[in-house]
$ cat entry.cif   # mmCIF, C-alpha atoms
data_query
loop_
_atom_site.group_PDB
_atom_site.id
_atom_site.type_symbol
_atom_site.label_atom_id
_atom_site.label_comp_id
_atom_site.auth_asym_id
_atom_site.auth_seq_id
_atom_site.Cartn_x
_atom_site.Cartn_y
_atom_site.Cartn_z
ATOM 1 C CA MET A 236 15.836 21.997 62.474
ATOM 2 C CA LYS A 237 16.050 20.130 65.714
ATOM 3 C CA LYS A 238 14.092 16.899 66.127
ATOM 4 C CA GLU A 239 12.384 18.389 69.223
ATOM 5 C CA ASP A 240 11.052 21.254 67.082
ATOM 6 C CA ILE A 241 9.751 18.805 64.469
ATOM 7 C CA ASP A 242 8.049 16.727 67.157
ATOM 8 C CA ARG A 243 6.445 19.836 68.693
ATOM 9 C CA LEU A 244 5.182 21.030 65.305
ATOM 10 C CA ARG A 245 3.989 17.531 64.360
ATOM 11 C CA ALA A 246 1.933 17.377 67.571
ATOM 12 C CA GLU A 247 0.205 20.625 66.612
ATOM 13 C CA TYR A 248 -0.001 20.072 62.828
ATOM 14 C CA PRO A 249 0.078 16.268 62.391
ATOM 15 C CA TYR A 250 -1.028 16.207 58.755
ATOM 16 C CA TYR A 251 1.428 18.809 57.542
ATOM 17 C CA VAL A 252 4.731 18.169 59.357
ATOM 18 C CA SER A 253 7.117 15.369 58.441
ATOM 19 C CA ASP A 254 10.740 14.461 59.011
ATOM 20 C CA ASP A 255 11.460 16.114 55.641
ATOM 21 C CA LEU A 256 11.613 19.323 57.667
ATOM 22 C CA LEU A 257 14.713 18.171 59.561
ATOM 23 C CA SER A 258 16.730 19.842 56.808
ATOM 24 C CA VAL A 259 15.130 23.226 57.541
ATOM 25 C CA PRO A 260 17.715 25.553 59.106
ATOM 26 C CA ASP A 261 16.969 26.565 62.705
ATOM 27 C CA GLY A 262 16.619 30.212 61.700
ATOM 28 C CA TRP A 263 13.644 29.455 59.452
ATOM 29 C CA ILE A 264 11.396 27.997 62.145
ATOM 30 C CA GLY A 265 9.563 31.342 62.512
ATOM 31 C CA PRO A 266 8.424 31.584 58.868
ATOM 32 C CA LEU A 267 7.547 27.874 58.901
ATOM 33 C CA GLU A 268 5.357 28.204 62.012
ATOM 34 C CA THR A 269 3.654 31.278 60.540
ATOM 35 C CA PHE A 270 2.870 29.296 57.378
ATOM 36 C CA LEU A 271 1.392 26.399 59.359
ATOM 37 C CA LYS A 272 -0.755 28.702 61.518
ATOM 38 C CA LYS A 273 -2.125 30.465 58.432
ATOM 39 C CA LEU A 274 -2.721 27.174 56.619
ATOM 40 C CA ARG A 275 -4.843 25.952 59.496
ATOM 41 C CA THR A 276 -7.164 28.977 59.260
ATOM 42 C CA ILE A 277 -7.873 28.884 55.515
ATOM 43 C CA ALA A 278 -10.678 26.367 55.279
ATOM 44 C CA TRP A 279 -13.033 26.198 58.197
ATOM 45 C CA PRO A 280 -12.427 28.345 61.274
ATOM 46 C CA GLU A 281 -14.531 25.959 63.355
ATOM 47 C CA ASP A 282 -12.600 22.848 62.247
ATOM 48 C CA HIS A 283 -8.860 23.575 62.181
ATOM 49 C CA ASP A 284 -7.955 19.905 61.940
ATOM 50 C CA LYS A 285 -9.624 19.313 58.582
ATOM 51 C CA VAL A 286 -6.972 18.320 56.049
ATOM 52 C CA LEU A 287 -6.970 20.853 53.255
ATOM 53 C CA VAL A 288 -3.932 19.909 51.182
ATOM 54 C CA ALA A 289 -1.054 17.456 51.001
ATOM 55 C CA LEU A 290 2.334 19.153 51.249
ATOM 56 C CA GLN A 291 5.681 18.327 49.712
ATOM 57 C CA TRP A 292 8.606 20.288 51.123
ATOM 58 C CA GLN A 293 11.724 21.341 49.249
ATOM 59 C CA VAL A 294 14.381 23.029 51.354
ATOM 60 C CA GLY A 295 17.121 24.803 49.435
ATOM 61 C CA THR A 296 19.932 27.172 50.233
ATOM 62 C CA ASN A 297 17.761 30.100 49.181
ATOM 63 C CA GLY A 298 14.479 29.286 50.898
ATOM 64 C CA ILE A 299 11.690 26.802 51.424
ATOM 65 C CA MET A 300 9.412 25.804 48.581
ATOM 66 C CA VAL A 301 6.249 23.968 49.418
ATOM 67 C CA TYR A 302 4.200 22.179 46.785
ATOM 68 C CA VAL A 303 0.528 21.716 47.569
ATOM 69 C CA THR A 304 -1.954 19.199 46.264
ATOM 70 C CA PRO A 305 -5.614 19.717 47.172
ATOM 71 C CA VAL A 306 -7.093 16.882 49.188
ATOM 72 C CA LEU A 307 -10.618 18.244 49.037
ATOM 73 C CA GLY A 308 -12.608 18.008 45.845
ATOM 74 C CA ILE A 309 -12.755 21.221 43.815
ATOM 75 C CA LYS A 310 -16.422 21.754 44.742
ATOM 76 C CA LYS A 311 -15.389 22.289 48.369
ATOM 77 C CA TRP A 312 -13.017 25.122 47.446
ATOM 78 C CA ASP A 313 -13.969 28.706 46.869
ATOM 79 C CA PRO A 314 -11.871 31.380 45.154
ATOM 80 C CA LEU A 315 -10.918 33.069 48.433
ATOM 81 C CA MET A 316 -9.540 29.814 49.846
ATOM 82 C CA ALA A 317 -7.444 29.229 46.733
ATOM 83 C CA ILE A 318 -6.057 32.771 46.767
ATOM 84 C CA ALA A 319 -5.293 32.561 50.492
ATOM 85 C CA LEU A 320 -3.395 29.319 49.918
ATOM 86 C CA LEU A 321 -1.323 30.828 47.112
ATOM 87 C CA GLU A 322 -0.566 33.864 49.260
ATOM 88 C CA ILE A 323 0.749 31.879 52.224
ATOM 89 C CA VAL A 324 2.855 29.647 49.953
ATOM 90 C CA ASP A 325 4.349 32.786 48.415
ATOM 91 C CA ASP A 326 4.831 34.364 51.865
ATOM 92 C CA LEU A 327 6.768 31.332 53.109
ATOM 93 C CA ARG A 328 9.094 31.422 50.116
ATOM 94 C CA GLY A 329 9.600 35.176 50.419
ATOM 95 C CA GLU A 330 10.140 35.148 54.177
ATOM 96 C CA THR A 331 12.760 32.411 54.031
ATOM 97 C CA GLN A 332 14.570 34.353 51.305
ATOM 98 C CA THR A 333 15.026 37.296 53.693
ATOM 99 C CA THR A 334 15.478 35.454 57.021
ATOM 100 C CA CYS A 335 18.906 34.347 58.259
ATOM 101 C CA ARG A 336 19.093 30.580 58.242
ATOM 102 C CA VAL A 337 21.204 30.656 61.422
ATOM 103 C CA CYS A 338 19.529 33.144 63.784
ATOM 104 C CA GLY A 339 16.193 34.081 62.197
ATOM 105 C CA SER A 340 17.079 37.747 61.652
ATOM 106 C CA ARG A 341 14.818 39.332 59.030
ATOM 107 C CA ASP A 342 17.739 41.430 57.756
ATOM 108 C CA ALA A 343 19.312 38.801 55.516
ATOM 109 C CA TRP A 344 19.743 37.949 51.865
ATOM 110 C CA LEU A 345 21.143 35.226 49.620
ATOM 111 C CA ARG A 346 24.918 35.157 49.676
ATOM 112 C CA ASN A 347 27.273 32.957 47.719
ATOM 113 C CA TYR A 348 30.658 32.311 49.275
ATOM 114 C CA GLY A 349 32.047 29.365 47.395
ATOM 115 C CA PRO A 350 30.661 26.112 48.765
ATOM 116 C CA LYS A 351 28.665 27.927 51.478
ATOM 117 C CA GLU A 352 25.656 29.527 49.806
ATOM 118 C CA GLY A 353 22.556 30.556 51.654
ATOM 119 C CA VAL A 354 20.488 33.291 53.236
ATOM 120 C CA PHE A 355 22.561 34.947 55.960
ATOM 121 C CA CYS A 356 22.552 38.154 57.985
ATOM 122 C CA ASP A 357 25.747 40.218 58.301
ATOM 123 C CA GLU A 358 26.604 38.491 61.571
ATOM 124 C CA HIS A 359 26.460 34.977 60.119
ATOM 125 C CA VAL A 360 28.117 35.465 56.750
ATOM 126 C CA PRO A 361 30.063 32.273 55.914
ATOM 127 C CA GLY A 362 33.640 32.502 57.112
ATOM 128 C CA GLY A 363 32.770 34.965 59.879
ATOM 129 C CA ALA A 364 33.512 34.289 63.539
ATOM 130 C CA ASP A 365 29.884 33.417 64.379
ATOM 131 C CA ALA A 366 28.976 31.633 61.150
ATOM 132 C CA SER A 367 27.387 28.198 61.389
#
$ encode --input "entry.cif" --output "structure tokens"
Amino acid sequence: MKKEDIDRLRAEYPYYVSDDLLSVPDGWIGPLETFLKKLRTIAWPEDHDKVLVALQWQVGTNGIMVYVTPVLGIKKWDPLMAIALLEIVDDLRGETQTTCRVCGSRDAWLRNYGPKEGVFCDEHVPGGADAS
């Protein structure tokens, strides 16, 4: 992901975005932004800047995994918040597994072409004319 995109996201979600996301392919910015928007709405609709969890990002060839650690004490959580958090973590993983890492097309899947493995659409299959 481009540094400008990281800086823009960090300005909007300062507690959740770090330079660890520089390794996110450009095509996955859509699922990442969707995750961050949903994360912001889980806890308190009136206070979107309250820090809910600490995030640790793992970017692989087959998607983004995010590990969450609650920052709030357990007494401040309710079952719906916990379920919503699990759902958006799962959505991020699933969306990046079906989104082209190059262009963001939702018609993609994991492909293994020797040293170039990743989630690609037909247009960006490794070794193709437009592949990156």
$ atom_distance --input "entry.cif" --atom1 "atom CA of Gly265 of chain A" --atom2 "atom CA of Thr304 of chain A"
23.3 Å
$ residues_around --input "entry.cif" --residues "Tyr248 of chain A" --least-positions-apart "3" --cutoff "10 Å" --atoms "all atoms listed in the file" --output "NGL selection string"
:A and (241-245 or 251-253 or 268 or 271-272 or 274-275 or 283-284 or 286)
$ residues_around --input "entry.cif" --residues "Asp261 of chain A" --least-positions-apart "2" --cutoff "6 Å" --atoms "only C-alpha atoms" --output "ChimeraX atom specification"
/A:236,263-264
$ resolve_selection --input "entry.cif" --expression "the PyMOL selection byres ((chain A and resi 324) around 9)" --output "NGL selection string"
:A and (270 or 300-303 or 319-323 or 325-329)
$ atom_distance --input "entry.cif" --atom1 "atom CA of Thr269 of chain A" --atom2 "atom CA of Pro314 of chain A"
21.9 Å
$ axis_aligned_box --input "entry.cif" --around "segment 246-265 of chain A" --padding-each-side "5 Å" --output "AutoDock Vina command-line options"
--center_x 8.3 --center_y 22.9 --center_z 61.6 --size_x 28.7 --size_y 26.9 --size_z 21.9
$ residues_around --input "entry.cif" --residues "Pro260 of chain A" --least-positions-apart "5" --cutoff "9 Å" --atoms "all atoms listed in the file" --output "ChimeraX atom specification"
/A:236-237,294,335-337
$ atom_distance --input "entry.cif" --atom1 "atom CA of Gly339 of chain A" --atom2 "atom CA of Met316 of chain A"
28.9 Å
$ closest_residue --input "entry.cif" --among "A:Asn347, A:Gln293, A:Thr334, A:Ser258" --to "Lys238 of chain A" --atoms "only C-alpha atoms"
A:Ser258
$ resolve_selection --input "entry.cif" --expression "the PyMOL selection byres ((chain A and resi 289) around 7)" --output "mmCIF file with C-alpha atoms, keeping the file's coordinate frame"
data_model
loop_
_atom_site.group_PDB
_atom_site.id
_atom_site.type_symbol
_atom_site.label_atom_id
_atom_site.label_comp_id
_atom_site.auth_asym_id
_atom_site.auth_seq_id
_atom_site.Cartn_x
_atom_site.Cartn_y
_atom_site.Cartn_z
ATOM 1 C CA VAL A 288 -3.932 19.909 51.182
ATOM 2 C CA LEU A 290 2.334 19.153 51.249
ATOM 3 C CA GLN A 291 5.681 18.327 49.712
ATOM 4 C CA VAL A 303 0.528 21.716 47.569
ATOM 5 C CA THR A 304 -1.954 19.199 46.264
ATOM 6 C CA PRO A 305 -5.614 19.717 47.172
ATOM 7 C CA VAL A 306 -7.093 16.882 49.188
#
$ residues_around --input "entry.cif" --residues "Tyr348 of chain A" --least-positions-apart "5" --cutoff "10 Å" --atoms "all atoms listed in the file" --output "list in words"
Gly353, Val360, Pro361 and Gly362 of chain A
$ decode --input "entry.cif" --residues "segment 278-317 of chain A" --atoms "C-alpha atoms" --output "compact mmCIF listing (two decimals), in the first residue's frame"
# COMPACT_ATOMS: atom_id res chain seq x y z
CA ALA A 278 -18.61 0.22 20.68
CA TRP A 279 -20.26 3.57 21.13
CA PRO A 280 -21.95 5.27 18.19
CA GLU A 281 -21.60 8.63 19.93
CA ASP A 282 -17.85 8.23 20.57
CA HIS A 283 -16.15 6.75 17.49
CA ASP A 284 -12.69 7.63 18.75
CA LYS A 285 -12.82 5.42 21.83
CA VAL A 286 -10.13 2.75 21.56
CA LEU A 287 -11.78 -0.64 21.62
CA VAL A 288 -8.95 -3.03 20.82
CA ALA A 289 -5.25 -3.16 20.00
CA LEU A 290 -4.57 -4.62 16.56
CA GLN A 291 -1.70 -6.69 15.23
CA TRP A 292 -1.65 -7.08 11.45
CA GLN A 293 -0.36 -10.07 9.52
CA VAL A 294 -0.34 -9.67 5.76
CA GLY A 295 0.16 -12.86 3.77
CA THR A 296 -0.10 -13.90 0.16
CA ASN A 297 -3.59 -15.25 0.81
CA GLY A 298 -5.14 -12.43 2.81
CA ILE A 299 -4.94 -10.19 5.84
CA MET A 300 -5.19 -11.61 9.33
CA VAL A 301 -5.76 -9.22 12.17
CA TYR A 302 -5.27 -10.23 15.78
CA VAL A 303 -7.23 -8.24 18.34
CA THR A 304 -6.59 -7.68 22.01
CA PRO A 305 -9.32 -5.96 24.02
CA VAL A 306 -8.24 -2.68 25.56
CA LEU A 307 -11.42 -2.24 27.55
CA GLY A 308 -12.05 -4.33 30.62
CA ILE A 309 -14.42 -7.26 30.09
CA LYS A 310 -17.17 -5.52 32.09
CA LYS A 311 -17.41 -2.86 29.37
CA TRP A 312 -18.09 -5.45 26.67
CA ASP A 313 -21.42 -7.00 25.87
CA PRO A 314 -22.04 -10.14 23.81
CA LEU A 315 -23.19 -8.19 20.75
CA MET A 316 -19.97 -6.17 20.68
CA ALA A 317 -17.86 -9.32 20.89
